[in-house]
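Engineer: Here's a structure for you.
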Amino acid sequence: MTHPKPGDPIWVDVFTADPAASIAFYTELFGWTAERADEEFGGYITFRKDGKAVAGGMGKTNGEADGPDQWTIYLSSPDARATAEKAKAHGADIVVPPMDVGDLGVMAVLGDPGGAGIGIWQPGTFAGIETAALVEGGKWTDAAGAPSWFELHTRDYQRALDFYRDVFEWNDLFAMPEAPGFRYSTIHSTSPMLGGVMDATAFLPEGQPASWSVYFGADDVDKAVTKVVELGGSVLSPAMDTPYGRMATVADVTGARFNLGGDAA
C-alpha cells in the first residue's frame with residue numbers, strides 16, 4: 001500500500017489465544033510466512049506474503065483470556081496521540097492508550113461511538129501493509145492472501161460517518177446510491193477506495209455492537225472456504241456472488257472472524 005492518506009486502513013492484526021495455532025492456520029490458508037519478535041515486542045507475529053508484510057498477530061495474556069479472538073484494523077494517523085485525544089472528545093473510548101512500539105511507530109486502540117474497535121497507527125520505520133489487493137472495475141487484482149477491503153458495520157450510520165470524518169479526516173467519502181435497506185459510503189470517491197461504512201441496522205443481531213472487518217483476497221473463494229474448514233475454522237456466511245465479487249465470512253481456528261473475496265464464479 002503506497003502513500004496512505006490520514007485515515008486510510010494501514011495495518012491489520014489478529015488478537016489470538018493460541019499464536020501457534022493461528023500461525024499454522026494462516027500460513028496454510030494463504031501461503032504466508034510468519035516471524036516472531038523477541039520479548040521486547042511481546043512475541044508479536046509479522047505475517048508476510050512473498051516477503052512483504054501483510055498482517056500481524058499478538059497472543060493474549062492471562063488477563064485478556066475472556067475477550068474474543070478478533071482481527072483489528074488500524075487507520076493511519078500523522079499523530080496517534082492527537083488523534084486519540086480528538087477521538088475521545090468525539091465520544092470514543094480509549095481501549096489501549098497511545099504507546100511507542102520501539103522506532104516502528106505509535107499505536108492505540110479505540111472503541112468508536114458505536115462500539116466498534118478500531119486501531120490507530122502512526123508510522124515510524126514501519127509503514128504498514130506492504131502488499132494489498134485492489135478492487136478495480138469489479139475485478140480483484142493481486143488478490144490471493146492480501147488484505148483487500150476494510151468495512152465498518154454500524155447501526156448509527158450517519159454518526160459513524162461524522163465521527164470518522166472529524167477524527168480521521170475522511171474528507172472524500174462517496175455515498176453510493178441508496179436503495180431500500182441499503183446505505184453505504186466508501187472511504188474515497190476514486191480508486192483505490194480501500195473500504196467503506198455500511199448501515200447494518202437491518203441485519204446486526206440484537207446486542208451485537210458495531211464492528212470493523214477485514215477482507216482477504218482469494219483466487220478461488222469456494223476453495224478457500226473449503227480450506228478454512230479443513231484447517232479447523234468455520235463458515236459464518238457461505239460463499240455467494242455479489243455485484244462486487246464472490247464473498248464469504250469465515251472464522252479461523254480460534255474463532256477470529258474475517259472475510260474472503262474474489263472474482264464472481
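Here, A, B, ... name the chains of the C-alpha cells in the order displayed, residue numbers run from 1 inside each chain, and ligands are numbered from 1 in the same displayed order.
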For Ser211 in chain A, please output as JSON, numbers by chain all residues within 10 Å (counting only C-alpha atoms; exclusion window: fewer than 6 positions along the same chain).

Structural biologist: {"A": [72, 111, 112, 114, 115, 116, 117, 118, 151, 152, 153, 154, 155, 200, 204]}

Engineer: Print the selection's residues with C-alpha atoms to a file, as a short mmCIF file (atom, residue, chain, number, x, y, z; two decimals), in the first residue's frame.

Structural biologist:
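Here's the written file again23.cif:
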```cif
data_model
loop_
_atom_site.label_atom_id
_atom_site.label_comp_id
_atom_site.auth_asym_id
_atom_site.auth_seq_id
_atom_site.Cartn_x
_atom_site.Cartn_y
_atom_site.Cartn_z
CA THR A 72 -8.21 -5.30 14.42
CA GLY A 111 -13.87 1.91 20.78
CA ASP A 112 -15.76 4.22 18.44
CA GLY A 114 -20.97 2.74 18.08
CA GLY A 115 -18.81 0.27 19.99
CA ALA A 116 -16.61 -0.84 17.09
CA GLY A 117 -12.95 -1.40 17.90
CA ILE A 118 -10.53 0.48 15.66
CA GLU A 151 -15.55 -2.42 6.31
CA LEU A 152 -17.49 -0.99 9.24
CA HIS A 153 -20.98 -2.32 10.00
CA THR A 154 -22.91 0.06 12.23
CA ARG A 155 -26.44 0.83 13.38
CA ALA A 200 -26.18 -2.55 9.20
CA LEU A 204 -26.91 -6.78 13.02
#
```

Engineer: Residues at most 12 Å from Val95 in chain A, counting only C-alpha atoms, excluding those fewer than 2 positions away in the same chain, as a ChimeraX atom specification?

Structural biologist: /A:84,87-88,92-93,97-99,107-112,115-120

Engineer: With a distance cut-off of 9 Å and only C-alpha atoms, select the neighbouring residues of Thr27 in chain A, excluding the residue or stretch itself and same-chain residues fewer than 6 positions from it, and output the selection as a PyMOL selection string.

Structural biologist: chain A and resi 33-34+47

Engineer: Do you know which residues are at most 9 Å from Asp103 in chain A counting only C-alpha atoms, after dropping those on the same chain fewer than 3 positions away, and could you put them as a VMD selection string?

Structural biologist: chain A and resid 100 106 123 to 126

Engineer: Can you list, as a VMD selection string, all residues belonging to range 107-265 of chain A that DSSP tags as strand (DSSP E)?

Structural biologist: chain A and resid 107 to 111 117 to 123 134 to 136 139 to 141 147 to 154 174 to 175 184 to 186 195 to 199 211 to 217 234 to 242 245 to 251 257 to 262

Engineer: Leaving out Phe168 in chain A and any residue of its chain fewer than 3 positions from it, which residues lie within 8 Å of it when counting only C-alpha atoms, given as a list in words?

Structural biologist: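 So, after excluding close chain neighbours, the residues are Pro6, Gly7, Leu75, Ser77, Thr83, Phe163, Tyr164 and Arg165 of chain A.
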
Engineer: Skipping near chain neighbours, those fewer than 2 positions away, what residues fall within 8 Å of Phe258 in chain A using only C-alpha atoms, listed as a PyMOL selection string?

Structural biologist: chain A and resi 71+213-216+249-252+256+260

Engineer: Write out as a ChimeraX atom specification which residues come within 10 Å of Tyr44 in chain A when counting only C-alpha atoms, dropping same-chain ones fewer than 5 positions away.

Structural biologist: /A:13,19,34-39,56-59
